[in-house]
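Source file: structure-v7.json; contents: JSON, C-alpha atoms.
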```json
[["chain", "number", "residue", "atom", "x", "y", "z"],
["A", 1, "MET", "CA", 51.29, -2.61, -39.71],
["A", 2, "ASN", "CA", 54.09, -3.14, -37.21],
["A", 3, "SER", "CA", 55.05, 0.52, -37.46],
["A", 4, "ILE", "CA", 51.48, 1.54, -36.61],
["A", 5, "LYS", "CA", 51.49, -0.71, -33.54],
["A", 6, "LYS", "CA", 54.83, 0.73, -32.44],
["A", 7, "LEU", "CA", 53.45, 4.24, -32.83],
["A", 8, "ILE", "CA", 50.36, 3.36, -30.76],
["A", 9, "TRP", "CA", 52.49, 1.83, -28.00],
["A", 10, "LEU", "CA", 54.80, 4.84, -28.06],
["A", 11, "GLN", "CA", 51.87, 7.22, -27.66],
["A", 12, "PHE", "CA", 50.51, 5.07, -24.83],
["A", 13, "PHE", "CA", 53.79, 5.12, -22.88],
["A", 14, "LEU", "CA", 54.12, 8.86, -23.49],
["A", 15, "LEU", "CA", 50.65, 9.41, -22.04],
["A", 16, "ILE", "CA", 51.48, 7.32, -18.96],
["A", 17, "PHE", "CA", 54.72, 9.25, -18.49],
["A", 18, "LEU", "CA", 52.92, 12.61, -18.67],
["A", 19, "VAL", "CA", 50.25, 11.50, -16.20],
["A", 20, "PHE", "CA", 52.89, 10.19, -13.79],
["A", 21, "THR", "CA", 54.97, 13.36, -14.07],
["A", 22, "ARG", "CA", 51.97, 15.59, -13.44],
["A", 23, "ALA", "CA", 50.85, 13.52, -10.50],
["A", 24, "LYS", "CA", 54.33, 13.68, -9.02],
["A", 25, "ALA", "CA", 54.42, 17.45, -9.45],
["A", 26, "ASN", "CA", 51.07, 17.78, -7.67],
["A", 27, "ILE", "CA", 52.11, 15.75, -4.62],
["A", 28, "GLN", "CA", 51.35, 17.82, -1.53],
["A", 29, "GLN", "CA", 54.65, 18.64, 0.14],
["A", 30, "ARG", "CA", 54.93, 18.92, 3.91],
["A", 31, "ILE", "CA", 57.35, 21.69, 4.87],
["A", 32, "VAL", "CA", 58.65, 22.73, 8.29],
["A", 33, "THR", "CA", 60.48, 26.06, 8.56],
["A", 34, "LEU", "CA", 62.77, 27.04, 11.43],
["A", 35, "THR", "CA", 63.28, 30.73, 10.55],
["A", 36, "SER", "CA", 60.75, 33.52, 10.23],
["A", 37, "LEU", "CA", 61.92, 34.45, 6.72],
["A", 38, "SER", "CA", 61.75, 30.89, 5.32],
["A", 39, "THR", "CA", 58.30, 30.60, 6.95],
["A", 40, "ASP", "CA", 57.14, 33.76, 5.21],
["A", 41, "ILE", "CA", 58.56, 32.74, 1.83],
["A", 42, "THR", "CA", 57.05, 29.25, 1.98],
["A", 43, "ASN", "CA", 53.68, 30.66, 3.01],
["A", 44, "SER", "CA", 53.71, 33.07, 0.07],
["A", 45, "ILE", "CA", 54.49, 30.23, -2.35],
["A", 46, "SER", "CA", 52.48, 27.31, -1.01],
["A", 47, "PRO", "CA", 50.60, 27.98, 2.26],
["A", 48, "GLU", "CA", 48.97, 24.55, 2.14],
["A", 49, "SER", "CA", 52.43, 22.91, 2.23],
["A", 50, "LEU", "CA", 53.50, 24.75, 5.38],
["A", 51, "ILE", "CA", 52.79, 22.51, 8.40],
["A", 52, "GLY", "CA", 55.36, 23.52, 11.04],
["A", 53, "VAL", "CA", 56.82, 26.95, 11.78],
["A", 54, "ALA", "CA", 59.32, 28.75, 13.99],
["A", 55, "GLY", "CA", 58.00, 30.00, 17.33],
["A", 56, "SER", "CA", 59.60, 33.42, 17.01],
["A", 57, "LYS", "CA", 57.83, 36.63, 18.04],
["A", 58, "ILE", "CA", 57.59, 37.88, 14.47],
["A", 59, "ILE", "CA", 55.70, 34.71, 13.45],
["A", 60, "LYS", "CA", 53.51, 34.36, 16.54],
["A", 61, "GLU", "CA", 52.20, 37.88, 16.07],
["A", 62, "ASN", "CA", 51.12, 37.09, 12.50],
["A", 63, "LYS", "CA", 47.61, 35.65, 12.30],
["A", 64, "ASP", "CA", 48.48, 33.99, 8.98],
["A", 65, "TYR", "CA", 50.14, 31.27, 11.02],
["A", 66, "ASP", "CA", 47.31, 30.54, 13.41],
["A", 67, "GLY", "CA", 46.71, 26.79, 13.32],
["A", 68, "LYS", "CA", 50.27, 25.94, 12.27],
["A", 69, "VAL", "CA", 52.37, 23.74, 14.57],
["A", 70, "PHE", "CA", 55.10, 25.67, 16.39],
["A", 71, "VAL", "CA", 58.23, 23.52, 16.50],
["A", 72, "THR", "CA", 60.40, 26.04, 18.36],
["A", 73, "GLU", "CA", 59.82, 28.36, 21.32],
["A", 74, "GLY", "CA", 61.85, 31.55, 21.61],
["A", 75, "ARG", "CA", 65.56, 30.80, 21.55],
["A", 76, "ASN", "CA", 65.16, 27.16, 22.52],
["A", 77, "PRO", "CA", 66.41, 24.54, 20.02],
["A", 78, "PRO", "CA", 63.79, 23.08, 17.66],
["A", 79, "ASP", "CA", 61.78, 20.16, 19.06],
["A", 80, "LEU", "CA", 63.18, 17.29, 16.99],
["A", 81, "GLU", "CA", 60.51, 14.79, 18.03],
["A", 82, "LYS", "CA", 57.73, 17.21, 17.15],
["A", 83, "ILE", "CA", 59.29, 17.86, 13.73],
["A", 84, "VAL", "CA", 59.64, 14.15, 12.94],
["A", 85, "SER", "CA", 56.05, 13.49, 14.07],
["A", 86, "LEU", "CA", 54.84, 15.91, 11.39],
["A", 87, "LYS", "CA", 56.37, 13.65, 8.71],
["A", 88, "PRO", "CA", 57.88, 16.54, 6.72],
["A", 89, "THR", "CA", 59.20, 16.19, 3.20],
["A", 90, "LEU", "CA", 61.41, 19.28, 3.71],
["A", 91, "VAL", "CA", 62.81, 21.19, 6.70],
["A", 92, "VAL", "CA", 64.35, 24.64, 6.22],
["A", 93, "GLY", "CA", 66.72, 26.05, 8.86],
["A", 94, "ALA", "CA", 69.51, 28.57, 9.33],
["A", 95, "LYS", "CA", 73.10, 27.54, 8.73],
["A", 96, "GLY", "CA", 75.09, 27.80, 11.93],
["A", 97, "PHE", "CA", 72.00, 27.92, 14.16],
["A", 98, "HIS", "CA", 70.15, 24.74, 13.24],
["A", 99, "ASP", "CA", 73.02, 22.54, 12.02],
["A", 100, "LYS", "CA", 72.57, 19.92, 14.75],
["A", 101, "THR", "CA", 68.84, 19.56, 14.06],
["A", 102, "LEU", "CA", 69.23, 19.56, 10.28],
["A", 103, "ASN", "CA", 72.07, 17.04, 10.39],
["A", 104, "LYS", "CA", 69.95, 14.68, 12.48],
["A", 105, "LEU", "CA", 67.01, 15.04, 10.10],
["A", 106, "ASN", "CA", 69.34, 14.35, 7.19],
["A", 107, "SER", "CA", 70.42, 11.12, 8.85],
["A", 108, "LEU", "CA", 66.74, 10.14, 9.04],
["A", 109, "GLY", "CA", 66.35, 10.64, 5.29],
["A", 110, "ILE", "CA", 64.47, 13.95, 5.49],
["A", 111, "LYS", "CA", 65.44, 16.59, 2.93],
["A", 112, "THR", "CA", 66.78, 19.82, 4.43],
["A", 113, "ILE", "CA", 67.86, 23.28, 3.31],
["A", 114, "TYR", "CA", 70.54, 25.23, 5.20],
["A", 115, "THR", "CA", 69.88, 28.95, 4.67],
["A", 116, "GLU", "CA", 72.31, 31.85, 5.01],
["A", 117, "ILE", "CA", 70.88, 35.15, 3.81],
["A", 118, "ARG", "CA", 73.74, 37.62, 3.41],
["A", 119, "ASN", "CA", 72.69, 39.35, 0.20],
["A", 120, "TRP", "CA", 69.88, 39.67, -2.32],
["A", 121, "GLU", "CA", 71.12, 36.71, -4.36],
["A", 122, "ASP", "CA", 70.82, 34.47, -1.29],
["A", 123, "LEU", "CA", 67.22, 35.62, -0.85],
["A", 124, "GLU", "CA", 66.36, 34.91, -4.49],
["A", 125, "ASN", "CA", 68.04, 31.50, -4.35],
["A", 126, "LEU", "CA", 66.01, 30.47, -1.29],
["A", 127, "ASN", "CA", 62.81, 31.68, -2.94],
["A", 128, "ASN", "CA", 63.60, 29.74, -6.12],
["A", 129, "GLU", "CA", 64.59, 26.58, -4.23],
["A", 130, "ILE", "CA", 61.34, 26.44, -2.27],
["A", 131, "THR", "CA", 59.32, 27.30, -5.38],
["A", 132, "LYS", "CA", 60.96, 24.45, -7.30],
["A", 133, "PHE", "CA", 60.44, 21.99, -4.45],
["A", 134, "THR", "CA", 56.71, 22.70, -4.16],
["A", 135, "GLY", "CA", 56.18, 22.60, -7.93],
["A", 136, "ASN", "CA", 54.17, 25.82, -7.74],
["A", 137, "GLU", "CA", 54.31, 28.83, -9.99],
["A", 138, "SER", "CA", 57.31, 31.11, -9.56],
["A", 139, "ASN", "CA", 57.05, 33.46, -6.59],
["A", 140, "LYS", "CA", 57.70, 37.01, -7.82],
["A", 141, "LEU", "CA", 59.75, 38.86, -5.24],
["A", 142, "SER", "CA", 59.41, 42.05, -7.28],
["A", 143, "THR", "CA", 55.71, 42.03, -6.43],
["A", 144, "LEU", "CA", 56.04, 41.04, -2.78],
["A", 145, "LEU", "CA", 58.99, 43.40, -2.23],
["A", 146, "ASN", "CA", 57.96, 46.24, -4.49],
["A", 147, "HIS", "CA", 59.90, 48.88, -2.53],
["A", 148, "CYS", "CA", 63.13, 46.90, -2.95],
["A", 149, "TYR", "CA", 63.35, 47.38, -6.71],
["A", 150, "PRO", "CA", 64.32, 51.04, -7.18],
["A", 151, "LYS", "CA", 63.27, 52.39, -10.56],
["A", 152, "LYS", "CA", 65.95, 55.07, -10.63],
["A", 153, "ILE", "CA", 69.62, 54.81, -9.71],
["A", 154, "ILE", "CA", 70.30, 57.74, -7.38],
["A", 155, "ASN", "CA", 73.77, 58.54, -6.10],
["A", 156, "ARG", "CA", 73.27, 58.83, -2.35],
["A", 157, "ASP", "CA", 75.51, 60.40, 0.27],
["A", 158, "ASP", "CA", 78.14, 58.59, 2.30],
["A", 159, "VAL", "CA", 76.70, 56.80, 5.30],
["A", 160, "VAL", "CA", 77.70, 54.81, 8.36],
["A", 161, "LEU", "CA", 75.24, 52.29, 9.74],
["A", 162, "LEU", "CA", 75.73, 51.73, 13.46],
["A", 163, "ALA", "CA", 74.33, 48.36, 14.47],
["A", 164, "THR", "CA", 75.37, 49.03, 18.08],
["A", 165, "LEU", "CA", 76.78, 52.11, 19.82],
["A", 166, "LYS", "CA", 78.64, 50.51, 22.72],
["A", 167, "PRO", "CA", 80.82, 49.23, 21.17],
["A", 168, "LEU", "CA", 80.56, 50.93, 17.79],
["A", 169, "VAL", "CA", 79.80, 48.14, 15.30],
["A", 170, "SER", "CA", 78.97, 48.57, 11.63],
["A", 171, "PRO", "CA", 78.31, 46.18, 8.71],
["A", 172, "ASN", "CA", 80.64, 45.73, 5.77],
["A", 173, "SER", "CA", 79.65, 44.55, 2.29],
["A", 174, "LYS", "CA", 79.51, 40.88, 3.38],
["A", 175, "SER", "CA", 76.39, 41.34, 5.49],
["A", 176, "TRP", "CA", 72.68, 41.56, 4.68],
["A", 177, "SER", "CA", 72.51, 45.21, 5.75],
["A", 178, "GLY", "CA", 75.63, 46.02, 3.77],
["A", 179, "SER", "CA", 74.07, 44.49, 0.66],
["A", 180, "LEU", "CA", 70.89, 46.58, 1.12],
["A", 181, "LEU", "CA", 72.91, 49.79, 1.38],
["A", 182, "LYS", "CA", 74.65, 48.88, -1.86],
["A", 183, "ARG", "CA", 71.32, 48.04, -3.51],
["A", 184, "PHE", "CA", 70.17, 51.61, -2.87],
["A", 185, "ASN", "CA", 73.49, 53.05, -3.99],
["A", 186, "PHE", "CA", 74.66, 54.40, -0.63],
["A", 187, "ASN", "CA", 78.35, 55.02, -0.21],
["A", 188, "SER", "CA", 78.82, 52.93, 2.93],
["A", 189, "LEU", "CA", 82.11, 54.03, 4.50],
["A", 190, "THR", "CA", 82.54, 50.63, 6.17],
["A", 191, "ALA", "CA", 81.75, 48.50, 3.10],
["A", 192, "ASN", "CA", 85.36, 47.52, 2.42],
["A", 193, "LEU", "CA", 86.67, 47.30, 5.99],
["A", 194, "ASP", "CA", 87.89, 43.87, 7.12],
["A", 195, "SER", "CA", 85.80, 42.18, 9.77],
["A", 196, "LYS", "CA", 87.69, 41.46, 12.97],
["A", 197, "SER", "CA", 84.65, 41.32, 15.23],
["A", 198, "ALA", "CA", 83.01, 38.21, 16.63],
["A", 199, "PHE", "CA", 80.29, 38.49, 13.98],
["A", 200, "ARG", "CA", 81.24, 37.87, 10.37],
["A", 201, "GLY", "CA", 80.22, 40.77, 8.16],
["A", 202, "TYR", "CA", 80.54, 43.38, 10.90],
["A", 203, "VAL", "CA", 83.43, 45.62, 11.91],
["A", 204, "ASN", "CA", 84.36, 47.40, 15.14],
["A", 205, "LEU", "CA", 84.89, 51.14, 14.81],
["A", 206, "SER", "CA", 86.78, 53.56, 17.00],
["A", 207, "PRO", "CA", 85.42, 57.01, 17.89],
["A", 208, "GLU", "CA", 88.49, 58.49, 16.19],
["A", 209, "TRP", "CA", 87.64, 56.70, 12.93],
["A", 210, "LEU", "CA", 84.07, 57.98, 13.02],
["A", 211, "ILE", "CA", 85.18, 61.55, 13.73],
["A", 212, "THR", "CA", 87.77, 61.43, 10.92],
["A", 213, "GLU", "CA", 85.36, 60.00, 8.33],
["A", 214, "ASN", "CA", 82.57, 62.34, 9.52],
["A", 215, "PRO", "CA", 79.73, 60.75, 7.47],
["A", 216, "SER", "CA", 76.95, 62.83, 5.92],
["A", 217, "LYS", "CA", 74.34, 60.38, 7.20],
["A", 218, "ILE", "CA", 74.18, 57.99, 10.14],
["A", 219, "ILE", "CA", 71.75, 55.10, 10.47],
["A", 220, "ILE", "CA", 71.12, 53.67, 13.94],
["A", 221, "VAL", "CA", 69.38, 50.38, 14.65],
["A", 222, "ASN", "CA", 66.61, 50.62, 17.25],
["A", 223, "TYR", "CA", 66.87, 48.47, 20.35],
["A", 224, "PRO", "CA", 65.06, 48.95, 23.68],
["A", 225, "SER", "CA", 68.19, 50.64, 25.08],
["A", 226, "GLN", "CA", 69.37, 52.29, 21.86],
["A", 227, "GLY", "CA", 68.05, 54.93, 19.48],
["A", 228, "LYS", "CA", 68.88, 58.35, 18.09],
["A", 229, "SER", "CA", 68.89, 59.87, 21.56],
["A", 230, "SER", "CA", 71.57, 57.36, 22.58],
["A", 231, "LEU", "CA", 74.09, 59.24, 20.44],
["A", 232, "GLN", "CA", 73.96, 62.07, 22.93],
["A", 233, "SER", "CA", 75.66, 59.85, 25.48],
["A", 234, "LEU", "CA", 78.73, 59.56, 23.25],
["A", 235, "PRO", "CA", 81.38, 62.17, 24.10],
["A", 236, "PHE", "CA", 82.02, 63.05, 20.46],
["A", 237, "TRP", "CA", 78.42, 63.16, 19.24],
["A", 238, "SER", "CA", 78.20, 66.94, 18.79],
["A", 239, "ASN", "CA", 81.26, 66.95, 16.48],
["A", 240, "LEU", "CA", 79.67, 64.81, 13.77],
["A", 241, "LYS", "CA", 78.30, 66.46, 10.63],
["A", 242, "ALA", "CA", 75.32, 64.09, 10.39],
["A", 243, "ILE", "CA", 74.20, 65.07, 13.90],
["A", 244, "LYS", "CA", 74.73, 68.79, 13.34],
["A", 245, "GLU", "CA", 72.65, 68.59, 10.16],
["A", 246, "LYS", "CA", 70.04, 66.30, 11.74],
["A", 247, "ARG", "CA", 70.63, 63.52, 9.25],
["A", 248, "VAL", "CA", 70.44, 60.64, 11.66],
["A", 249, "TYR", "CA", 67.89, 57.91, 10.93],
["A", 250, "ASP", "CA", 66.70, 55.04, 13.08],
["A", 251, "PHE", "CA", 65.69, 51.67, 11.65],
["A", 252, "ASP", "CA", 64.17, 48.52, 13.10],
["A", 253, "TYR", "CA", 66.41, 45.53, 13.64],
["A", 254, "TYR", "CA", 64.22, 43.31, 11.47],
["A", 255, "GLY", "CA", 64.51, 44.12, 7.80],
["A", 256, "LEU", "CA", 67.85, 45.90, 7.93],
["A", 257, "ILE", "CA", 70.07, 43.74, 10.17],
["A", 258, "ASN", "CA", 68.08, 40.51, 10.27],
["A", 259, "PRO", "CA", 65.85, 40.07, 7.19],
["A", 260, "GLY", "CA", 63.09, 38.80, 9.50],
["A", 261, "SER", "CA", 60.18, 38.63, 7.09],
["A", 262, "LEU", "CA", 59.11, 39.77, 3.64],
["A", 263, "ASN", "CA", 57.17, 42.63, 5.18],
["A", 264, "SER", "CA", 60.08, 43.83, 7.33],
["A", 265, "ILE", "CA", 62.43, 43.72, 4.32],
["A", 266, "ASN", "CA", 59.97, 45.74, 2.24],
["A", 267, "THR", "CA", 59.57, 48.28, 5.04],
["A", 268, "ALA", "CA", 63.34, 48.69, 5.36],
["A", 269, "CYS", "CA", 63.66, 49.17, 1.59],
["A", 270, "LYS", "CA", 60.92, 51.81, 1.60],
["A", 271, "LYS", "CA", 62.69, 53.76, 4.32],
["A", 272, "LEU", "CA", 66.11, 53.46, 2.66],
["A", 273, "SER", "CA", 64.68, 54.86, -0.57],
["A", 274, "SER", "CA", 63.42, 57.94, 1.29],
["A", 275, "ILE", "CA", 66.63, 59.10, 2.99]]
```

Translate this file's structure into structure tokens.
Amino acid sequence: MNSIKKLIWLQFFLLIFLVFTRAKANIQQRIVTLTSLSTDITNSISPESLIGVAGSKIIKENKDYDGKVFVTEGRNPPDLEKIVSLKPTLVVGAKGFHDKTLNKLNSLGIKTIYTEIRNWEDLENLNNEITKFTGNESNKLSTLLNHCYPKKIINRDDVVLLATLKPLVSPNSKSWSGSLLKRFNFNSLTANLDSKSAFRGYVNLSPEWLITENPSKIIIVNYPSQGKSSLQSLPFWSNLKAIKEKRVYDFDYYGLINPGSLNSINTACKKLSSI
């Protein structure tokens, strides 16, 4: 008889535990994101949890975020008071850019995530961390970023990606753009060069180095004052094989240099797979 009572009580406590666990998992999180990419990822996982977003151009132009509270404006620091007033359960920001804000929020007992997206693993880790926090189903990057999962491994030509032309700056393997080139099996001639520039993951090149290496392909990042035509202003431009063979390609800044958003990453991947 006692054993039956114990079994009944055990089943009762197990039921209570399951109900409590499920209720906890279904608690509506309140997430504020300070970067366009973390905003995009959170919105794709749990749009109802996203309450505050970065006021960057790439987010403001997206109608998906109409009605969300903008906690930053342009390059101004995040509005700490506005963030706190939203009573977030999680704030996601960029390491090195939002440290002061995130540290303050930490001191107030608010959970934070410091992001640094330098390769594909970093992107997957952020996606998994936000997915786990919201308690939602796993967000499949292979579906959202379908052009970033090449079905065939193709040996591509050697390439130099020029992030800027004056001075000549190119990514090595420790940058987001360097990791994308590797993902599509490009032979990046600057992948293993040591970074001595002001920006970690990028290297300064000399015209002599570029002429000596003479890459088969050159990728240039588009800025208002820079594009393929800008190469013509360089005194050595006509000596490069890639220019003679018209194998120079321009890319947007978002997606290739700065991940920006899921859409910009997917667009960059699509273009990389075609050259």

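For the choices A:Asn119, A:Thr164, A:Ser49, A:Thr35, the atom-to-atom distance to Tyr223 of chain A is smallest for A:Thr164 when using all atoms listed in the file.
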
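Atom CA of Arg118 of chain A is found 29.0 Å from atom CA of Val84 of chain A.
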
Problem set entry | Contacts of Ser173 of chain A within 6 Å, all atoms listed in the file, excl. fewer than 3 positions in-chain, as a list in words | Gly178, Ser179 and Ala191 of chain A

Emit the selected residues as a JSON list (two decimals), in the frame of the given file, including C-alpha atoms.
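Final file, selection.json:
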```
[["chain", "number", "residue", "atom", "x", "y", "z"],
["A", 178, "GLY", "CA", 75.63, 46.02, 3.77],
["A", 179, "SER", "CA", 74.07, 44.49, 0.66],
["A", 191, "ALA", "CA", 81.75, 48.50, 3.10]]
```

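Atom to atom, atom CA of Glu213 of chain A and atom CA of Lys241 of chain A stand 9.8 Å apart.
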
Problem set entry | Within 12 Å of Lys246 of chain A using only C-alpha atoms, minus same-chain residues under 2 positions, as a PyMOL selection string | chain A and resi 215-219+228-229+231+237-238+240-244+248-250+275

Those residues with C-alpha atoms, as a tab-separated table (two decimals), in the frame of the given file please?
```
chain	number	residue	atom	x	y	z
A	215	PRO	CA	79.73	60.75	7.47
A	216	SER	CA	76.95	62.83	5.92
A	217	LYS	CA	74.34	60.38	7.20
A	218	ILE	CA	74.18	57.99	10.14
A	219	ILE	CA	71.75	55.10	10.47
A	228	LYS	CA	68.88	58.35	18.09
A	229	SER	CA	68.89	59.87	21.56
A	231	LEU	CA	74.09	59.24	20.44
A	237	TRP	CA	78.42	63.16	19.24
A	238	SER	CA	78.20	66.94	18.79
A	240	LEU	CA	79.67	64.81	13.77
A	241	LYS	CA	78.30	66.46	10.63
A	242	ALA	CA	75.32	64.09	10.39
A	243	ILE	CA	74.20	65.07	13.90
A	244	LYS	CA	74.73	68.79	13.34
A	248	VAL	CA	70.44	60.64	11.66
A	249	TYR	CA	67.89	57.91	10.93
A	250	ASP	CA	66.70	55.04	13.08
A	275	ILE	CA	66.63	59.10	2.99
```

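Distances here use all atoms listed in the file; by that measure, the residue among A:Asn155, A:Leu37, A:Arg30, A:Glu208 closest to Thr115 of chain A is A:Leu37.
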
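Between atom CA of Gly255 of chain A and atom CA of Ile31 of chain A there is a distance of 23.7 Å.
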
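A search radius of 9 Å centred on (56.4, 22.0, 7.2), applied to all atoms listed in the file, returns the residues A:Gln29, A:Arg30, A:Ile31, A:Val32, A:Thr33, A:Thr39, A:Thr42, A:Ser49, A:Leu50, A:Ile51, A:Gly52, A:Val53, A:Lys68, A:Val69, A:Ile83, A:Leu86, A:Lys87, A:Pro88, A:Thr89, A:Leu90, A:Val91, A:Val92.
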
Keeping only C-alpha atoms, write the selected residues to a file as an mmCIF file, keeping the file's coordinate frame.
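Dumped to result-v9.cif:
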```cif
data_model
loop_
_atom_site.group_PDB
_atom_site.id
_atom_site.type_symbol
_atom_site.label_atom_id
_atom_site.label_comp_id
_atom_site.auth_asym_id
_atom_site.auth_seq_id
_atom_site.Cartn_x
_atom_site.Cartn_y
_atom_site.Cartn_z
ATOM 1 C CA GLN A 29 54.650 18.640 0.140
ATOM 2 C CA ARG A 30 54.930 18.920 3.910
ATOM 3 C CA ILE A 31 57.350 21.690 4.870
ATOM 4 C CA VAL A 32 58.650 22.730 8.290
ATOM 5 C CA THR A 33 60.480 26.060 8.560
ATOM 6 C CA THR A 39 58.300 30.600 6.950
ATOM 7 C CA THR A 42 57.050 29.250 1.980
ATOM 8 C CA SER A 49 52.430 22.910 2.230
ATOM 9 C CA LEU A 50 53.500 24.750 5.380
ATOM 10 C CA ILE A 51 52.790 22.510 8.400
ATOM 11 C CA GLY A 52 55.360 23.520 11.040
ATOM 12 C CA VAL A 53 56.820 26.950 11.780
ATOM 13 C CA LYS A 68 50.270 25.940 12.270
ATOM 14 C CA VAL A 69 52.370 23.740 14.570
ATOM 15 C CA ILE A 83 59.290 17.860 13.730
ATOM 16 C CA LEU A 86 54.840 15.910 11.390
ATOM 17 C CA LYS A 87 56.370 13.650 8.710
ATOM 18 C CA PRO A 88 57.880 16.540 6.720
ATOM 19 C CA THR A 89 59.200 16.190 3.200
ATOM 20 C CA LEU A 90 61.410 19.280 3.710
ATOM 21 C CA VAL A 91 62.810 21.190 6.700
ATOM 22 C CA VAL A 92 64.350 24.640 6.220
#
```

Would you list the residues near (81.2, 56.9, 6.3), meaning any protein, DNA or RNA residue with an atom at most 6 Å from that point in file coordinates, counting all atoms listed in the file, as an mmCIF file with C-alpha atoms, in the frame of the given file?
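Below is the file that was written, out13.cif:
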```
data_model
loop_
_atom_site.group_PDB
_atom_site.id
_atom_site.type_symbol
_atom_site.label_atom_id
_atom_site.label_comp_id
_atom_site.auth_asym_id
_atom_site.auth_seq_id
_atom_site.Cartn_x
_atom_site.Cartn_y
_atom_site.Cartn_z
ATOM 1 C CA ASP A 158 78.140 58.590 2.300
ATOM 2 C CA VAL A 159 76.700 56.800 5.300
ATOM 3 C CA VAL A 160 77.700 54.810 8.360
ATOM 4 C CA SER A 188 78.820 52.930 2.930
ATOM 5 C CA LEU A 189 82.110 54.030 4.500
ATOM 6 C CA GLU A 213 85.360 60.000 8.330
ATOM 7 C CA PRO A 215 79.730 60.750 7.470
#
```

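Taking all atoms listed in the file into account, Cys148 of chain A lies nearest to A:Leu180 out of the set A:Lys196, A:Leu180, A:Leu162, A:Phe236.
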
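Minimum distance to His98 of chain A across A:Ala54, A:Leu256, A:Val169, A:Gly135 (counting all atoms listed in the file) occurs at A:Ala54.
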
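With distances taken over all atoms listed in the file, A:Leu262 is the one residue among A:Ile110, A:Leu262, A:Ile220, A:Ile117 lying closest to Thr143 of chain A.
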
Exercise. Could you name the residues that touch Pro150 of chain A at 8 Å or less, counting all atoms listed in the file, but leaving out those on the same chain fewer than 2 positions away, as a PyMOL selection string?
Worked result: chain A and resi 147-148+152-153+184+273

Can you write just those residues out, C-alpha atoms, as a PDB file, in the coordinates of the input?
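Okay, again-v4.pdb is ready:
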```pdb
ATOM      1  CA  HIS A 147      59.900  48.880  -2.530  1.00  0.00           C
ATOM      2  CA  CYS A 148      63.130  46.900  -2.950  1.00  0.00           C
ATOM      3  CA  LYS A 152      65.950  55.070 -10.630  1.00  0.00           C
ATOM      4  CA  ILE A 153      69.620  54.810  -9.710  1.00  0.00           C
ATOM      5  CA  PHE A 184      70.170  51.610  -2.870  1.00  0.00           C
ATOM      6  CA  SER A 273      64.680  54.860  -0.570  1.00  0.00           C
TER       7      SER A 273
END
```

For this session: Fewer than 4 positions away in the same chain doesn't count, so skip those; otherwise give me all residues within 10 Å of Gly55 of chain A, counting only C-alpha atoms, as a VMD selection string.
Result: chain A and resid 33 to 36 59 to 61 69 to 76 78

For this session: Can you work out which one of A:Phe133, A:Tyr202, A:Phe97, A:Tyr114 has the shortest atom-to-atom distance to Ile257 of chain A, counting all atoms listed in the file?
Result: A:Tyr202
